Amino acid sequence: MAYILKVLSPVHIHSGEVLKAMTYMVKDDKVLIFNEIDVIKSVKESELLNDELLRSFATTVSKRKEYYKTLDYYINKGIIEEAVAEKYKDIVENHVNDLSGQEIYRTMINILGPYIPGSTLKGLVRTAIIYDCLLKKGIDYLKGAVRYLNSRNGRGFSVDDYILYEILDNGKMKKNIYQDPFKFMGIKDINMVEKRLGVYKETIFNITKFQPGNVIEAIEAGDYSEEFDFEIRVNEKLANSYNTDIIKYFKEEELLRVLHQYSKDIIQEEIEYFKKYKHPSLNTKEIVESLELMQDKNSIETPVIRIGKGKGYKSNTVGLAIKKMDKDYYLKEIKNIANPYKYDNNYEFPKTRKFVSSQLSPKLLGFAILEKVEG
């Protein structure tokens, strides 16, 4: 069965590349992005030691805004040749009122444009399977896992390890990668068709206040992927060594089911969060309405998924499973499970959420949907 991945809200999967201010410029409602080598080659010889220019190239400069000037500033000052302005390599939509020369965290891009890495989808599948496995094993199993992980023998291990690997007679855990079918899972990268990108400013909502986040590049809502088969490949020679509780999930109908179930619970958690933690400056009504729309779209045949930055907290798998089965135990133990564990005791962990765009029209990050391709 062939699928496409359709983006429902901006998706950012950080590539590791951070654009300095002098490698882009804003023109009308677009951000023009340039190759740093082209910019360097275009510096006028007489300006190579320009102090202002060198500050922009330095990696350890002050965060003072006056040191962060976009490329057009240096062109207008006569420091960089004007001809470079025609050599931009990418053009993306600008959704930030005032970039002020801030660094832009780029999303994943290859020679064909933006894409969703197979490793991201593999991580999502792993998370959804572990989550479903925990729900089936029950709260007593999870409590036993938490006790073991808090013991001397359990230090350095995770709940995932507790599920996947065996505990020896001496009480110690032994990691054997041949028991972990995820190690041999392969999912291909998926290229986007319309290659639509936008620049957004993150805001961190922290119950009573707002904090600035990063400026990010994201795949725009409405873009969609090329067709792909939702295929999981495992090493047949090692099949008898795999953890039997996990390997049974490795078929298409089970993968769709667990992705749907996991997203169902995540979306419901987000809806409850924004209904509970309201702020007069944040349009939580719009957030809740968009989440309810995604809730309606989510089905076993076409599961909604959440990927990339903003998808939630470390405790999505373990913490959410515990919370679903025993909320009192969750509130008591989450600080020992989630990482980082520092949080305000007045609120459930975690109390922060990120959104982009304005507080009047906020958008949560990372939602997409798997749609079957007919015929």
# chains A, B, ... in the order shown; residues from 1 in each chain; ligands from 1
$ residues_around --residues "Leu293 (chain A)" --least-positions-apart "5" --cutoff "12 Å" --atoms "only C-alpha atoms" --output "PyMOL selection string"
chain A and resi 8-9+264+267-268+271+286-288+298+304+367+369
$ write_last_selection --atoms "N, CA and C atoms" --output "PDB file, in the first residue's frame"
ATOM      1  N   LEU A   8       0.314  19.038   8.333  1.00  0.00           N
ATOM      2  CA  LEU A   8      -0.838  19.748   8.887  1.00  0.00           C
ATOM      3  C   LEU A   8      -0.446  21.011   9.635  1.00  0.00           C
ATOM      4  N   SER A   9       0.765  21.059  10.161  1.00  0.00           N
ATOM      5  CA  SER A   9       1.285  22.248  10.834  1.00  0.00           C
ATOM      6  C   SER A   9       2.787  22.292  10.588  1.00  0.00           C
ATOM      7  N   LYS A 264      -3.591   9.580  19.187  1.00  0.00           N
ATOM      8  CA  LYS A 264      -4.879   9.824  19.851  1.00  0.00           C
ATOM      9  C   LYS A 264      -4.651  10.313  21.279  1.00  0.00           C
ATOM     10  N   ILE A 267      -2.732  13.840  21.324  1.00  0.00           N
ATOM     11  CA  ILE A 267      -3.614  14.955  20.983  1.00  0.00           C
ATOM     12  C   ILE A 267      -4.566  15.251  22.131  1.00  0.00           C
ATOM     13  N   GLN A 268      -5.127  14.208  22.741  1.00  0.00           N
ATOM     14  CA  GLN A 268      -6.031  14.412  23.875  1.00  0.00           C
ATOM     15  C   GLN A 268      -5.314  15.071  25.037  1.00  0.00           C
ATOM     16  N   ILE A 271      -4.973  18.736  24.187  1.00  0.00           N
ATOM     17  CA  ILE A 271      -6.255  19.428  24.323  1.00  0.00           C
ATOM     18  C   ILE A 271      -6.541  19.729  25.795  1.00  0.00           C
ATOM     19  N   GLU A 286      -8.052  28.798  19.716  1.00  0.00           N
ATOM     20  CA  GLU A 286      -7.644  28.415  18.360  1.00  0.00           C
ATOM     21  C   GLU A 286      -6.774  27.165  18.375  1.00  0.00           C
ATOM     22  N   ILE A 287      -5.903  27.059  19.390  1.00  0.00           N
ATOM     23  CA  ILE A 287      -5.062  25.868  19.512  1.00  0.00           C
ATOM     24  C   ILE A 287      -5.931  24.633  19.717  1.00  0.00           C
ATOM     25  N   VAL A 288      -6.886  24.731  20.641  1.00  0.00           N
ATOM     26  CA  VAL A 288      -7.758  23.594  20.943  1.00  0.00           C
ATOM     27  C   VAL A 288      -8.569  23.198  19.708  1.00  0.00           C
ATOM     28  N   ASN A 298      -7.606  11.854  12.698  1.00  0.00           N
ATOM     29  CA  ASN A 298      -6.815  10.698  13.118  1.00  0.00           C
ATOM     30  C   ASN A 298      -7.649   9.417  13.068  1.00  0.00           C
ATOM     31  N   VAL A 304      -2.746  10.381  12.236  1.00  0.00           N
ATOM     32  CA  VAL A 304      -2.012  11.627  12.414  1.00  0.00           C
ATOM     33  C   VAL A 304      -0.733  11.292  13.173  1.00  0.00           C
ATOM     34  N   PHE A 367       2.770  18.477  13.266  1.00  0.00           N
ATOM     35  CA  PHE A 367       1.687  17.540  12.957  1.00  0.00           C
ATOM     36  C   PHE A 367       1.622  17.236  11.460  1.00  0.00           C
ATOM     37  N   ILE A 369      -0.085  13.877   8.589  1.00  0.00           N
ATOM     38  CA  ILE A 369      -1.004  12.749   8.509  1.00  0.00           C
ATOM     39  C   ILE A 369      -0.554  11.805   7.382  1.00  0.00           C
TER      40      ILE A 369
END
$ select_by_dssp --residues "region 142-188 of chain A" --states "alpha helix (DSSP H)" --output "number ranges by chain"
A: 142-149, 159-164
$ write_last_selection --atoms "N, CA and C atoms" --output "PDB file, in the first residue's frame"
ATOM      1  N   LEU A 142       5.301  -1.422  34.816  1.00  0.00           N
ATOM      2  CA  LEU A 142       5.993  -0.140  34.754  1.00  0.00           C
ATOM      3  C   LEU A 142       6.578   0.257  36.105  1.00  0.00           C
ATOM      4  N   LYS A 143       5.849   0.011  37.154  1.00  0.00           N
ATOM      5  CA  LYS A 143       6.367   0.320  38.491  1.00  0.00           C
ATOM      6  C   LYS A 143       7.604  -0.518  38.781  1.00  0.00           C
ATOM      7  N   GLY A 144       7.579  -1.770  38.362  1.00  0.00           N
ATOM      8  CA  GLY A 144       8.758  -2.621  38.534  1.00  0.00           C
ATOM      9  C   GLY A 144       9.940  -2.092  37.739  1.00  0.00           C
ATOM     10  N   ALA A 145       9.670  -1.599  36.526  1.00  0.00           N
ATOM     11  CA  ALA A 145      10.735  -1.023  35.703  1.00  0.00           C
ATOM     12  C   ALA A 145      11.334   0.200  36.366  1.00  0.00           C
ATOM     13  N   VAL A 146      10.483   1.068  36.901  1.00  0.00           N
ATOM     14  CA  VAL A 146      10.962   2.291  37.553  1.00  0.00           C
ATOM     15  C   VAL A 146      11.803   1.942  38.785  1.00  0.00           C
ATOM     16  N   ARG A 147      11.340   0.967  39.564  1.00  0.00           N
ATOM     17  CA  ARG A 147      12.113   0.544  40.755  1.00  0.00           C
ATOM     18  C   ARG A 147      13.484   0.017  40.344  1.00  0.00           C
ATOM     19  N   TYR A 148      13.506  -0.803  39.299  1.00  0.00           N
ATOM     20  CA  TYR A 148      14.775  -1.375  38.853  1.00  0.00           C
ATOM     21  C   TYR A 148      15.715  -0.272  38.347  1.00  0.00           C
ATOM     22  N   LEU A 149      15.186   0.648  37.558  1.00  0.00           N
ATOM     23  CA  LEU A 149      16.015   1.707  36.985  1.00  0.00           C
ATOM     24  C   LEU A 149      16.536   2.669  38.047  1.00  0.00           C
ATOM     25  N   VAL A 159      13.768   2.778  30.299  1.00  0.00           N
ATOM     26  CA  VAL A 159      12.630   1.878  30.262  1.00  0.00           C
ATOM     27  C   VAL A 159      12.638   1.079  28.958  1.00  0.00           C
ATOM     28  N   ASP A 160      13.076   1.717  27.863  1.00  0.00           N
ATOM     29  CA  ASP A 160      13.208   0.987  26.601  1.00  0.00           C
ATOM     30  C   ASP A 160      14.136  -0.214  26.776  1.00  0.00           C
ATOM     31  N   ASP A 161      15.266  -0.002  27.450  1.00  0.00           N
ATOM     32  CA  ASP A 161      16.211  -1.095  27.701  1.00  0.00           C
ATOM     33  C   ASP A 161      15.556  -2.199  28.528  1.00  0.00           C
ATOM     34  N   TYR A 162      14.772  -1.798  29.524  1.00  0.00           N
ATOM     35  CA  TYR A 162      14.111  -2.749  30.414  1.00  0.00           C
ATOM     36  C   TYR A 162      13.174  -3.655  29.618  1.00  0.00           C
ATOM     37  N   ILE A 163      12.523  -3.089  28.604  1.00  0.00           N
ATOM     38  CA  ILE A 163      11.614  -3.872  27.766  1.00  0.00           C
ATOM     39  C   ILE A 163      12.387  -4.781  26.818  1.00  0.00           C
ATOM     40  N   LEU A 164      13.445  -4.248  26.219  1.00  0.00           N
ATOM     41  CA  LEU A 164      14.122  -4.943  25.125  1.00  0.00           C
ATOM     42  C   LEU A 164      15.104  -6.019  25.583  1.00  0.00           C
TER      43      LEU A 164
END
$ residues_around --residues "region 229-235 of chain A" --least-positions-apart "5" --cutoff "8 Å" --atoms "only C-alpha atoms" --output "JSON, numbers by chain"
{"A": [1, 2, 3, 181, 184, 185, 186, 187, 250, 251, 252]}
$ select_by_dssp --residues "region 36-248 of chain A" --states "strand (DSSP E or B)" --output "VMD selection string"
chain A and resid 43 80 90 to 94 104 to 107 109 to 110 113 to 116 166 to 167 173 to 174 186 190 to 192 197 to 205 210 to 219 224 to 225 228 to 229 233
$ write_last_selection --atoms "N, CA and C atoms" --output "compact mmCIF listing (two decimals), in the first residue's frame"
# COMPACT_ATOMS: atom_id res chain seq x y z
N VAL A 43 33.20 39.56 -0.68
CA VAL A 43 33.71 40.65 0.15
C VAL A 43 34.77 41.43 -0.64
N ILE A 80 30.39 44.43 0.69
CA ILE A 80 30.22 43.22 -0.13
C ILE A 80 29.69 43.63 -1.50
N ASP A 90 18.27 29.61 -1.95
CA ASP A 90 16.93 29.22 -1.50
C ASP A 90 16.11 30.47 -1.25
N ILE A 91 14.80 30.35 -1.44
CA ILE A 91 13.88 31.44 -1.12
C ILE A 91 12.71 30.84 -0.34
N VAL A 92 12.45 31.38 0.85
CA VAL A 92 11.41 30.81 1.72
C VAL A 92 10.50 31.91 2.23
N GLU A 93 9.31 31.53 2.63
CA GLU A 93 8.34 32.49 3.16
C GLU A 93 8.80 33.01 4.52
N ASN A 94 8.58 34.29 4.75
CA ASN A 94 8.95 34.90 6.04
C ASN A 94 7.70 35.14 6.88
N ILE A 104 19.04 31.56 12.04
CA ILE A 104 17.92 30.73 11.61
C ILE A 104 18.35 29.27 11.65
N TYR A 105 17.63 28.47 12.40
CA TYR A 105 17.91 27.03 12.50
C TYR A 105 17.23 26.34 11.31
N ARG A 106 18.04 25.74 10.44
CA ARG A 106 17.52 25.16 9.22
C ARG A 106 16.93 23.78 9.44
N THR A 107 15.99 23.43 8.60
CA THR A 107 15.41 22.09 8.63
C THR A 107 16.18 21.19 7.67
N ILE A 109 17.38 19.40 4.52
CA ILE A 109 17.28 19.67 3.08
C ILE A 109 18.37 18.88 2.36
N ASN A 110 18.00 18.23 1.26
CA ASN A 110 19.00 17.59 0.40
C ASN A 110 18.95 18.26 -0.98
N GLY A 113 15.56 19.19 -2.12
CA GLY A 113 14.76 20.09 -1.30
C GLY A 113 14.51 19.51 0.09
N PRO A 114 13.49 20.02 0.80
CA PRO A 114 13.21 19.54 2.15
C PRO A 114 12.72 18.09 2.14
N TYR A 115 13.07 17.37 3.21
CA TYR A 115 12.65 15.98 3.30
C TYR A 115 12.48 15.57 4.75
N ILE A 116 11.79 14.46 4.95
CA ILE A 116 11.63 13.86 6.28
C ILE A 116 12.60 12.68 6.36
N GLU A 166 17.37 -8.48 28.52
CA GLU A 166 17.11 -9.39 29.64
C GLU A 166 17.86 -8.96 30.90
N ILE A 167 17.29 -9.34 32.04
CA ILE A 167 17.95 -9.15 33.33
C ILE A 167 18.49 -10.51 33.76
N MET A 173 21.48 -6.07 34.09
CA MET A 173 20.89 -6.09 32.76
C MET A 173 22.00 -6.25 31.73
N LYS A 174 21.71 -7.02 30.70
CA LYS A 174 22.67 -7.25 29.64
C LYS A 174 22.10 -6.74 28.32
N GLY A 186 14.82 -0.46 8.79
CA GLY A 186 15.19 0.52 7.77
C GLY A 186 13.97 1.21 7.19
N ILE A 190 12.06 10.60 2.96
CA ILE A 190 10.91 10.94 2.13
C ILE A 190 11.01 12.40 1.70
N ASN A 191 11.11 12.64 0.41
CA ASN A 191 11.21 14.00 -0.12
C ASN A 191 9.84 14.66 -0.22
N MET A 192 9.81 15.97 -0.01
CA MET A 192 8.57 16.73 -0.13
C MET A 192 8.38 17.17 -1.57
N LEU A 197 8.79 26.08 2.15
CA LEU A 197 9.46 26.33 3.43
C LEU A 197 9.09 27.71 3.96
N GLY A 198 9.09 27.85 5.27
CA GLY A 198 8.84 29.13 5.90
C GLY A 198 9.74 29.34 7.10
N VAL A 199 9.95 30.60 7.45
CA VAL A 199 10.74 30.95 8.63
C VAL A 199 9.78 31.44 9.71
N TYR A 200 9.91 30.85 10.90
CA TYR A 200 9.02 31.15 12.01
C TYR A 200 9.82 31.48 13.27
N LYS A 201 9.20 32.24 14.15
CA LYS A 201 9.78 32.52 15.47
C LYS A 201 9.06 31.68 16.51
N GLU A 202 9.82 30.88 17.26
CA GLU A 202 9.24 30.08 18.33
C GLU A 202 8.95 30.93 19.56
N THR A 203 7.88 30.59 20.24
CA THR A 203 7.60 31.14 21.57
C THR A 203 7.36 29.97 22.52
N ILE A 204 7.92 30.06 23.71
CA ILE A 204 7.74 29.02 24.73
C ILE A 204 6.69 29.50 25.72
N PHE A 205 5.61 28.77 25.81
CA PHE A 205 4.53 29.09 26.74
C PHE A 205 4.79 28.35 28.04
N PHE A 210 5.72 34.03 28.83
CA PHE A 210 6.19 33.62 27.52
C PHE A 210 7.69 33.89 27.42
N GLN A 211 8.40 32.95 26.81
CA GLN A 211 9.84 33.11 26.62
C GLN A 211 10.16 32.96 25.13
N PRO A 212 11.12 33.74 24.63
CA PRO A 212 11.49 33.61 23.22
C PRO A 212 12.23 32.31 22.96
N GLY A 213 11.92 31.68 21.84
CA GLY A 213 12.65 30.49 21.42
C GLY A 213 13.54 30.83 20.24
N ASN A 214 13.86 29.85 19.42
CA ASN A 214 14.72 30.05 18.25
C ASN A 214 13.90 30.51 17.05
N VAL A 215 14.59 31.04 16.07
CA VAL A 215 13.99 31.26 14.76
C VAL A 215 14.28 30.01 13.94
N ILE A 216 13.25 29.41 13.38
CA ILE A 216 13.42 28.12 12.69
C ILE A 216 12.87 28.17 11.26
N GLU A 217 13.44 27.34 10.44
CA GLU A 217 12.91 27.09 9.10
C GLU A 217 12.08 25.81 9.19
N ALA A 218 10.90 25.81 8.57
CA ALA A 218 10.01 24.65 8.69
C ALA A 218 9.31 24.37 7.38
N ILE A 219 8.97 23.10 7.18
CA ILE A 219 8.13 22.71 6.05
C ILE A 219 6.73 23.25 6.30
N TYR A 224 3.28 18.12 0.86
CA TYR A 224 3.10 16.68 1.01
C TYR A 224 4.29 15.95 0.40
N SER A 225 4.45 14.70 0.80
CA SER A 225 5.62 13.93 0.38
C SER A 225 5.36 13.19 -0.93
N PHE A 228 5.32 6.70 -0.97
CA PHE A 228 6.27 5.74 -0.41
C PHE A 228 5.50 4.56 0.17
N ASP A 229 6.18 3.45 0.26
CA ASP A 229 5.62 2.27 0.92
C ASP A 229 6.00 2.31 2.38
N ARG A 233 11.97 -3.07 7.21
CA ARG A 233 12.85 -4.18 6.83
C ARG A 233 13.62 -4.65 8.06
$ residues_around --residues "Thr70 (chain A)" --least-positions-apart "3" --cutoff "9 Å" --atoms "only C-alpha atoms" --output "count of residues only"
12
$ atom_distance --atom1 "CA of Val39 (chain A)" --atom2 "CA of Leu54 (chain A)"
12.8 Å
$ closest_residue --among "A:Asp296, A:Glu371, A:Lys175, A:Val31" --to "Phe157 (chain A)" --atoms "only C-alpha atoms"
A:Lys175
$ closest_residue --among "A:Leu112, A:Val193, A:Leu135, A:Leu360" --to "His279 (chain A)" --atoms "only C-alpha atoms"
A:Leu360
$ residues_around --residues "Thr317 (chain A)" --least-positions-apart "2" --cutoff "10 Å" --atoms "only C-alpha atoms" --output "PDB file with C-alpha atoms, in the first residue's frame"
ATOM      1  CA  ARG A 126       9.753   2.935  17.905  1.00  0.00           C
ATOM      2  CA  THR A 127       8.051   5.381  20.267  1.00  0.00           C
ATOM      3  CA  ALA A 128       4.539   4.283  19.279  1.00  0.00           C
ATOM      4  CA  ILE A 129       5.408   0.596  19.640  1.00  0.00           C
ATOM      5  CA  ILE A 130       7.061   1.047  23.042  1.00  0.00           C
ATOM      6  CA  TYR A 131       4.067   3.089  24.191  1.00  0.00           C
ATOM      7  CA  ASP A 132       1.566   0.416  23.144  1.00  0.00           C
ATOM      8  CA  LEU A 134       3.806  -0.475  28.010  1.00  0.00           C
ATOM      9  CA  LEU A 135       0.017  -0.085  28.038  1.00  0.00           C
ATOM     10  CA  VAL A 159      12.630   1.878  30.262  1.00  0.00           C
ATOM     11  CA  ASP A 160      13.208   0.987  26.601  1.00  0.00           C
ATOM     12  CA  TYR A 262      -0.264   6.992  20.299  1.00  0.00           C
ATOM     13  CA  ILE A 266      -0.983  12.727  22.596  1.00  0.00           C
ATOM     14  CA  TYR A 313       8.647  15.870  26.032  1.00  0.00           C
ATOM     15  CA  LYS A 314      10.898  12.952  26.886  1.00  0.00           C
ATOM     16  CA  SER A 315       8.116  11.432  28.944  1.00  0.00           C
ATOM     17  CA  GLY A 319       5.271   9.375  31.288  1.00  0.00           C
ATOM     18  CA  LEU A 320       2.137   9.434  29.163  1.00  0.00           C
ATOM     19  CA  ALA A 321       1.661   5.683  29.587  1.00  0.00           C
ATOM     20  CA  ILE A 322       2.019   5.994  33.370  1.00  0.00           C
TER      21      ILE A 322
END
$ closest_residue --among "A:Lys332, A:Arg353, A:Asn243, A:Ile4" --to "Gln179 (chain A)" --atoms "only C-alpha atoms"
A:Asn243
$ atom_distance --atom1 "CA of Thr244 (chain A)" --atom2 "CA of Lys137 (chain A)"
13.4 Å
$ closest_residue --among "A:Lys172, A:Asn97, A:Ile307, A:Leu71" --to "Gly156 (chain A)" --atoms "only C-alpha atoms"
A:Lys172
$ atom_distance --atom1 "CA of Leu259 (chain A)" --atom2 "CA of Lys278 (chain A)"
28.7 Å
